[in-house]
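Asks: Structure below; questions to follow.
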Amino acid sequence: MAEAGIIGGGAAGMFAAVQAAVRGHEVHLYEQNDKLGKKLFITGKGRCNFTNACSVEEFLQNIVSNGKFMYSSGYGFTSDDIMEFFRNCHVPVKVERGNRAFPATDHSSDIIRGLERAMKEAGVKIHLGTRVRHVLCRDNAAAGVVLENGASVPLDAVMVATGGLSYPTTGSTGDGYRMAGECGHTVTERKPALVPLETGESYIPKMQGLSLKNVTFRVMGRKKPVYEGFGEMMFTHFGVTGPLVLSASSYIGKSGLPWPLDAQIDLKPALTEHQLDERLLREFQEARNRQFKNVVPELFPARMVPVMIELSGIAPDRPVNGISKEERNRLAELTKHFPLTIIGTRPFREAIITQGGVSVREIQPGTMESKKVKNLYFIGEVLDVDALTGGFNLQVAWSTAYAAAAALDGKDRI
């Protein structure tokens with residue numbers, strides 16, 4: 001049996017430690033923080049959406065970067081498997097809208113405690129407050145780790161589970177990327193993903209705090225939309241956020257398009273342009289003697305009213321019976337194609353996930369072992385794999401960790 005060292009006590013690191021230890025390997029888990037699972041603790045606003053109870057096919061479809069790479073590990077360890085694992089760890093689970101799975105208590109700490117109990121029962125040796133500085137490589141093989149205090153620890157296998165750059169206050173310092181580079185690996189460009197977007201228009205902050213439901217958000221590319229989705233979003237003091245926006249940010253990052261990008265919101269996606277025009281005409285006929293500013297609140301949310309009046313170019317005091325067909329068409333166009341310009345993303349500290357990382361071309365997809373350095377594994381967010389919200393990114397962590405742990409079987413001690 002092998003003696004393995006795992007760098008990072010997040011989701012992937014803890015789960016790999018359990019799976020390796022129950023197979024009889026001696027496992028050392030190194031975590032630089034004074035407690036385990038710091039990022040896991042704040043996941044899902046503290047509720048921890050730990051997976052998505054969907055089919056493997058749907059899981060793969062929700063991966064934005066390098067979904068094909070996840071085919072083997074995704075089928076090797078599924079969402080059903082991780083839910084069963086936590087139930088066996090005495091952590092009841094529940095599935096909510098969109099197949100999002102949570103601990104039944106809505107407390108992320110239960111997920112962390114479940115992993116901690118499993119590690120203790122399996123005999124994992126946990127080293128808190130212990131930072132790994134380097135991976136020891138000899139003759140194109142991982143041979144151990146060098147700790148911050150300079151001590152060298154000989155090991156038969158090393159797993160890098162250091163996470164990405166998002167939420168740096170939880171300890172995501174990018175150390176894994178540096179270690180990968182030192183071992184000869186390619187690290188692709190890293191960008192914030194599942195992150196709010198900044199906009200250029202002065203009228204967006206005027207609607208700060210306004211949530212829109214059942215709208216279509218579209219981000220334009222050179223010839224076709226980079227992203228188009230239906231759901232919820234919200235205006236902020238810097239731009240836009242919410243589920244639609246977070247998903248859009250990942251596709252924008254993947255596109256490689258330069259800023260700025262044109263975007264638009266369809267505020268009435270259930271209506272065709274013709275149907276919308278008929279509704280506007282009907283509203284105007286019923287209120288023909290009222291002023292435009294007093295009719296607009298019946299069409300749009302209160303915080304949006306001043307902005308819609310401003311952008312429509314229609315004088316607020318104009319009686320609606322004096323509004324021309326051209327002006328009505330302009331209001332309809334504004335409703336179906338509300339404009340905003342995306343000028344960038346918010347920083348890594350506000351991003352849920354990191355896009356980019358250790359190139360998967362240099363990793364064995366079935367085992368997560370490096371193709372360049374024997375006995376060296378990369379799992380979780382440190383890999384160039386990212387997915388949409390809904391528990392898919394944590395499923396990437398569980399699946400890659402399981403694949404790496406299973407691959408330790410047959411490894412001999414040095």
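Just remember, in the structure tokens the first chain shown is A, the second B, etc., residues are 1-based per chain, and ligands are 1-based in the order shown.
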Could you give me, as a list in words, the residues within 7 Å of Val226 (chain A), counting only C-alpha atoms and dropping anything in the same chain fewer than 3 positions from it?
Replies: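 Those residues are Val219, Met220, Gly221, Tyr251 and Ile252 of chain A.
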Asks: Would you write out those residues with N, CA, C and O atoms, as a PDB file, in the first residue's frame?
Replies:
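Writing done, so here's result.pdb:
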```pdb
ATOM      1  N   VAL A 219     -25.960  37.979 -23.983  1.00  0.00           N
ATOM      2  CA  VAL A 219     -24.683  38.662 -24.176  1.00  0.00           C
ATOM      3  C   VAL A 219     -24.226  38.395 -25.603  1.00  0.00           C
ATOM      4  O   VAL A 219     -24.123  37.247 -26.027  1.00  0.00           O
ATOM      5  N   MET A 220     -23.970  39.469 -26.336  1.00  0.00           N
ATOM      6  CA  MET A 220     -23.681  39.337 -27.748  1.00  0.00           C
ATOM      7  C   MET A 220     -22.194  39.115 -28.016  1.00  0.00           C
ATOM      8  O   MET A 220     -21.326  39.729 -27.385  1.00  0.00           O
ATOM      9  N   GLY A 221     -21.905  38.217 -28.966  1.00  0.00           N
ATOM     10  CA  GLY A 221     -20.552  38.013 -29.456  1.00  0.00           C
ATOM     11  C   GLY A 221     -20.381  38.743 -30.767  1.00  0.00           C
ATOM     12  O   GLY A 221     -21.091  39.702 -31.069  1.00  0.00           O
ATOM     13  N   TYR A 251     -19.354  31.740 -19.541  1.00  0.00           N
ATOM     14  CA  TYR A 251     -19.310  31.639 -21.006  1.00  0.00           C
ATOM     15  C   TYR A 251     -18.553  32.801 -21.634  1.00  0.00           C
ATOM     16  O   TYR A 251     -17.872  32.639 -22.646  1.00  0.00           O
ATOM     17  N   ILE A 252     -18.655  33.979 -21.012  1.00  0.00           N
ATOM     18  CA  ILE A 252     -17.890  35.126 -21.498  1.00  0.00           C
ATOM     19  C   ILE A 252     -16.400  34.853 -21.359  1.00  0.00           C
ATOM     20  O   ILE A 252     -15.617  35.082 -22.278  1.00  0.00           O
TER      21      ILE A 252
END
```
Asks: Enumerate as an NGL selection string all residues of region 192-237 of chain A assigned to strand (DSSP E or B) by DSSP on the backbone, naming them with the chain letters and numbers the document uses.
Replies: :A and (192-193 or 197-199 or 211-220 or 225-235)
Asks: Export, as a short mmCIF file (atom, residue, chain, number, x, y, z; two decimals), in the first residue's frame, the selected residues with N, CA, C and O atoms.
Replies:
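Contents of again.cif, as written:
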```cif
data_model
loop_
_atom_site.label_atom_id
_atom_site.label_comp_id
_atom_site.auth_asym_id
_atom_site.auth_seq_id
_atom_site.Cartn_x
_atom_site.Cartn_y
_atom_site.Cartn_z
N PRO A 192 -11.77 34.95 -13.13
CA PRO A 192 -12.91 34.75 -12.22
C PRO A 192 -14.10 34.21 -13.02
O PRO A 192 -14.37 34.67 -14.13
N ALA A 193 -14.79 33.22 -12.48
CA ALA A 193 -15.97 32.66 -13.15
C ALA A 193 -17.10 32.53 -12.13
O ALA A 193 -16.85 32.49 -10.92
N LEU A 197 -21.01 40.87 -12.97
CA LEU A 197 -20.46 41.62 -14.09
C LEU A 197 -20.62 43.12 -13.87
O LEU A 197 -21.63 43.58 -13.34
N GLU A 198 -19.61 43.88 -14.30
CA GLU A 198 -19.66 45.34 -14.22
C GLU A 198 -20.18 45.91 -15.54
O GLU A 198 -19.86 45.40 -16.61
N THR A 199 -20.98 46.96 -15.44
CA THR A 199 -21.56 47.58 -16.63
C THR A 199 -21.15 49.05 -16.72
O THR A 199 -20.73 49.66 -15.73
N SER A 211 -34.56 43.14 -8.39
CA SER A 211 -34.44 41.78 -8.92
C SER A 211 -35.45 41.59 -10.05
O SER A 211 -36.61 42.01 -9.92
N LEU A 212 -35.01 40.99 -11.10
CA LEU A 212 -35.89 40.67 -12.22
C LEU A 212 -36.07 39.16 -12.29
O LEU A 212 -35.08 38.41 -12.20
N LYS A 213 -37.30 38.71 -12.43
CA LYS A 213 -37.57 37.28 -12.56
C LYS A 213 -38.20 37.02 -13.92
O LYS A 213 -38.87 37.86 -14.50
N ASN A 214 -37.95 35.81 -14.42
CA ASN A 214 -38.54 35.38 -15.70
C ASN A 214 -38.19 36.32 -16.84
O ASN A 214 -39.04 36.75 -17.62
N VAL A 215 -36.91 36.67 -16.91
CA VAL A 215 -36.41 37.49 -18.02
C VAL A 215 -35.37 36.68 -18.80
O VAL A 215 -34.87 35.66 -18.33
N THR A 216 -35.06 37.15 -19.99
CA THR A 216 -34.00 36.54 -20.79
C THR A 216 -32.82 37.50 -20.84
O THR A 216 -32.99 38.68 -21.17
N PHE A 217 -31.65 37.00 -20.49
CA PHE A 217 -30.41 37.79 -20.51
C PHE A 217 -29.55 37.28 -21.65
O PHE A 217 -29.31 36.08 -21.77
N ARG A 218 -29.11 38.19 -22.49
CA ARG A 218 -28.37 37.81 -23.69
C ARG A 218 -27.10 38.64 -23.79
O ARG A 218 -27.13 39.87 -23.67
N VAL A 219 -25.96 37.98 -23.98
CA VAL A 219 -24.68 38.66 -24.18
C VAL A 219 -24.23 38.39 -25.60
O VAL A 219 -24.12 37.25 -26.03
N MET A 220 -23.97 39.47 -26.34
CA MET A 220 -23.68 39.34 -27.75
C MET A 220 -22.19 39.11 -28.02
O MET A 220 -21.33 39.73 -27.39
N PRO A 225 -25.00 35.30 -30.08
CA PRO A 225 -24.86 35.45 -28.62
C PRO A 225 -23.83 34.50 -28.01
O PRO A 225 -23.76 33.33 -28.39
N VAL A 226 -23.01 35.04 -27.13
CA VAL A 226 -22.08 34.20 -26.35
C VAL A 226 -22.87 33.42 -25.31
O VAL A 226 -22.54 32.28 -24.97
N TYR A 227 -23.92 34.05 -24.82
CA TYR A 227 -24.75 33.43 -23.79
C TYR A 227 -26.17 33.94 -23.92
O TYR A 227 -26.41 35.12 -24.20
N GLU A 228 -27.12 33.06 -23.71
CA GLU A 228 -28.52 33.44 -23.62
C GLU A 228 -29.21 32.50 -22.64
O GLU A 228 -29.12 31.28 -22.78
N GLY A 229 -29.86 33.07 -21.64
CA GLY A 229 -30.51 32.25 -20.64
C GLY A 229 -31.76 32.92 -20.08
O GLY A 229 -31.91 34.15 -20.14
N PHE A 230 -32.64 32.11 -19.51
CA PHE A 230 -33.90 32.58 -18.94
C PHE A 230 -33.89 32.32 -17.44
O PHE A 230 -33.52 31.24 -16.99
N GLY A 231 -34.29 33.34 -16.66
CA GLY A 231 -34.31 33.15 -15.22
C GLY A 231 -34.30 34.46 -14.46
O GLY A 231 -35.03 35.39 -14.82
N GLU A 232 -33.42 34.53 -13.44
CA GLU A 232 -33.41 35.68 -12.53
C GLU A 232 -32.07 36.41 -12.57
O GLU A 232 -31.02 35.80 -12.79
N MET A 233 -32.13 37.71 -12.34
CA MET A 233 -30.92 38.53 -12.24
C MET A 233 -31.23 39.76 -11.40
O MET A 233 -32.40 40.02 -11.06
N MET A 234 -30.20 40.52 -11.05
CA MET A 234 -30.41 41.67 -10.18
C MET A 234 -29.45 42.79 -10.55
O MET A 234 -28.30 42.55 -10.94
N PHE A 235 -29.92 44.04 -10.43
CA PHE A 235 -29.07 45.21 -10.65
C PHE A 235 -28.35 45.57 -9.35
O PHE A 235 -28.90 45.41 -8.26
#
```
Asks: Go through A:Phe69, A:Phe292, A:Phe284, A:Tyr377 and flag the residue nearest Ala4 (chain A), using only C-alpha atoms for the distances.
Replies: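 Among the listed residues, A:Tyr377 lies closest to Ala4 (chain A).
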Asks: Find the spatial neighbours of Ala12 (chain A), counting only C-alpha atoms, within a cut-off of 8 Å - ignore same-chain residues fewer than 5 positions away - and output them as a short mmCIF file (atom, residue, chain, number, x, y, z; two decimals) with N, CA, C and O atoms, in the first residue's frame.
Replies:
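Final file, part-v6.cif:
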```cif
data_model
loop_
_atom_site.label_atom_id
_atom_site.label_comp_id
_atom_site.auth_asym_id
_atom_site.auth_seq_id
_atom_site.Cartn_x
_atom_site.Cartn_y
_atom_site.Cartn_z
N ALA A 161 -4.64 19.40 -4.19
CA ALA A 161 -6.07 19.75 -4.08
C ALA A 161 -6.19 21.12 -3.44
O ALA A 161 -6.96 21.32 -2.49
N ILE A 379 -6.51 17.35 -8.46
CA ILE A 379 -7.96 17.11 -8.30
C ILE A 379 -8.67 18.40 -7.90
O ILE A 379 -8.08 19.30 -7.29
N GLY A 380 -9.94 18.50 -8.28
CA GLY A 380 -10.76 19.64 -7.88
C GLY A 380 -10.51 20.89 -8.70
O GLY A 380 -10.14 20.84 -9.88
N ALA A 397 -15.29 18.07 -7.95
CA ALA A 397 -14.34 17.78 -6.86
C ALA A 397 -14.47 16.34 -6.39
O ALA A 397 -13.47 15.62 -6.26
N TRP A 398 -15.71 15.90 -6.13
CA TRP A 398 -15.91 14.52 -5.63
C TRP A 398 -15.45 13.49 -6.67
O TRP A 398 -14.77 12.51 -6.32
N THR A 400 -13.33 13.75 -9.30
CA THR A 400 -11.88 13.71 -9.56
C THR A 400 -11.14 13.14 -8.36
O THR A 400 -10.16 12.40 -8.52
N ALA A 401 -11.61 13.48 -7.15
CA ALA A 401 -10.96 12.95 -5.94
C ALA A 401 -11.11 11.43 -5.87
O ALA A 401 -10.15 10.72 -5.53
#
```
Asks: Determine which residues of region 226-334 of chain A DSSP labels as alpha helix (DSSP H) from the backbone of this structure, then write them out as a ChimeraX atom specification.
Replies: /A:243-255,273-286,292-295,305-312,325-334
Asks: Looking at only C-alpha atoms, which of A:Ala21, A:Ile63, A:Val307, A:Ile363 is the one that sits closest to Gly390 (chain A)?
Replies: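 Result for the nearest residue to Gly390 (chain A): A:Ile63.
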Asks: So how far away is CA of Ala17 (chain A) from CA of His134 (chain A), in Å?
Replies: 19.4 Å
Asks: Would you mind listing what lies within 6 Å of region 314-328 of chain A as a PyMOL selection string, with only C-alpha atoms counted and same-chain residues fewer than 4 positions away left out?
Replies: chain A and resi 284+288-293
Asks: Can you pull out every residue within 9 Å of Ala407 (chain A), counting only C-alpha atoms, but drop anything in the same chain fewer than 2 positions away, and send it as a ChimeraX atom specification?
Replies: /A:20,366-369,402-405,409-411
Asks: Please write the residues from the selection above to a file, keeping N, CA, C and O atoms, as a short mmCIF file (atom, residue, chain, number, x, y, z; two decimals), in the first residue's frame.
Replies:
```cif
data_model
loop_
_atom_site.label_atom_id
_atom_site.label_comp_id
_atom_site.auth_asym_id
_atom_site.auth_seq_id
_atom_site.Cartn_x
_atom_site.Cartn_y
_atom_site.Cartn_z
N ALA A 20 -8.86 7.21 -0.16
CA ALA A 20 -7.56 6.55 -0.17
C ALA A 20 -7.34 5.75 1.11
O ALA A 20 -6.83 4.62 1.08
N GLY A 366 -8.84 9.27 -16.48
CA GLY A 366 -9.41 8.19 -15.67
C GLY A 366 -8.85 8.11 -14.26
O GLY A 366 -9.46 7.52 -13.37
N THR A 367 -7.66 8.74 -14.05
CA THR A 367 -6.97 8.60 -12.76
C THR A 367 -6.54 9.93 -12.14
O THR A 367 -6.18 9.96 -10.97
N MET A 368 -6.56 11.01 -12.90
CA MET A 368 -6.10 12.33 -12.48
C MET A 368 -4.58 12.37 -12.26
O MET A 368 -4.05 13.34 -11.71
N GLU A 369 -3.88 11.33 -12.70
CA GLU A 369 -2.42 11.32 -12.57
C GLU A 369 -1.79 12.13 -13.69
O GLU A 369 -2.25 12.12 -14.84
N TYR A 402 -12.29 10.94 -6.18
CA TYR A 402 -12.52 9.50 -6.14
C TYR A 402 -11.64 8.78 -7.15
O TYR A 402 -11.04 7.73 -6.85
N ALA A 403 -11.53 9.34 -8.36
CA ALA A 403 -10.71 8.72 -9.41
C ALA A 403 -9.25 8.63 -8.97
O ALA A 403 -8.58 7.59 -9.18
N ALA A 404 -8.74 9.71 -8.37
CA ALA A 404 -7.34 9.71 -7.94
C ALA A 404 -7.10 8.73 -6.81
O ALA A 404 -6.09 7.99 -6.80
N ALA A 405 -8.01 8.69 -5.85
CA ALA A 405 -7.86 7.77 -4.72
C ALA A 405 -7.88 6.32 -5.18
O ALA A 405 -7.08 5.49 -4.73
N ASP A 409 -4.46 2.35 -5.74
CA ASP A 409 -4.37 0.89 -5.58
C ASP A 409 -3.35 0.34 -6.56
O ASP A 409 -3.36 0.64 -7.74
N GLY A 410 -2.46 -0.45 -6.04
CA GLY A 410 -1.41 -1.03 -6.89
C GLY A 410 -0.12 -0.24 -6.84
O GLY A 410 0.90 -0.69 -7.35
N LYS A 411 -0.16 0.97 -6.23
CA LYS A 411 1.07 1.75 -6.10
C LYS A 411 1.93 1.13 -4.98
O LYS A 411 1.44 0.83 -3.90
#
```
Asks: Could you tell me which of A:Val91, A:Val160, A:Ile111, A:Ala287 comes closest to Gly9 (chain A) if we count only C-alpha atoms?
Replies: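 Checking each candidate against Gly9 (chain A), we get A:Val160 as the closest.
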Asks: Tell me, as a ChimeraX atom specification, which residues lie within 10 Å of region 299-304 of chain A, counting only C-alpha atoms; anything in the same chain fewer than 2 positions away does not count.
Replies: /A:203-204,206-212,267-268,279-280,283,295-297,306-309,335
Asks: I want to know what sits within 6 Å of region 24-33 of chain A, based on only C-alpha atoms, with residues of the same chain fewer than 5 positions away left out; could you give that as a ChimeraX atom specification?
Replies: /A:1-9,124-131
Asks: Please determine, counting only C-alpha atoms, which residue among A:Ala118, A:Ala332, A:Met179, A:Cys89 has the shortest atom-to-atom distance to Asp277 (chain A).
Replies: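 Residue with the minimum atom-to-atom distance to Asp277 (chain A): A:Ala332.
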Asks: Taking only C-alpha atoms into account, which of A:Arg222, A:Arg87, A:His274, A:His237 comes nearest Gly256 (chain A)?
Replies: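 Among A:Arg222, A:Arg87, A:His274, A:His237, it is A:Arg222 that comes nearest to Gly256 (chain A).
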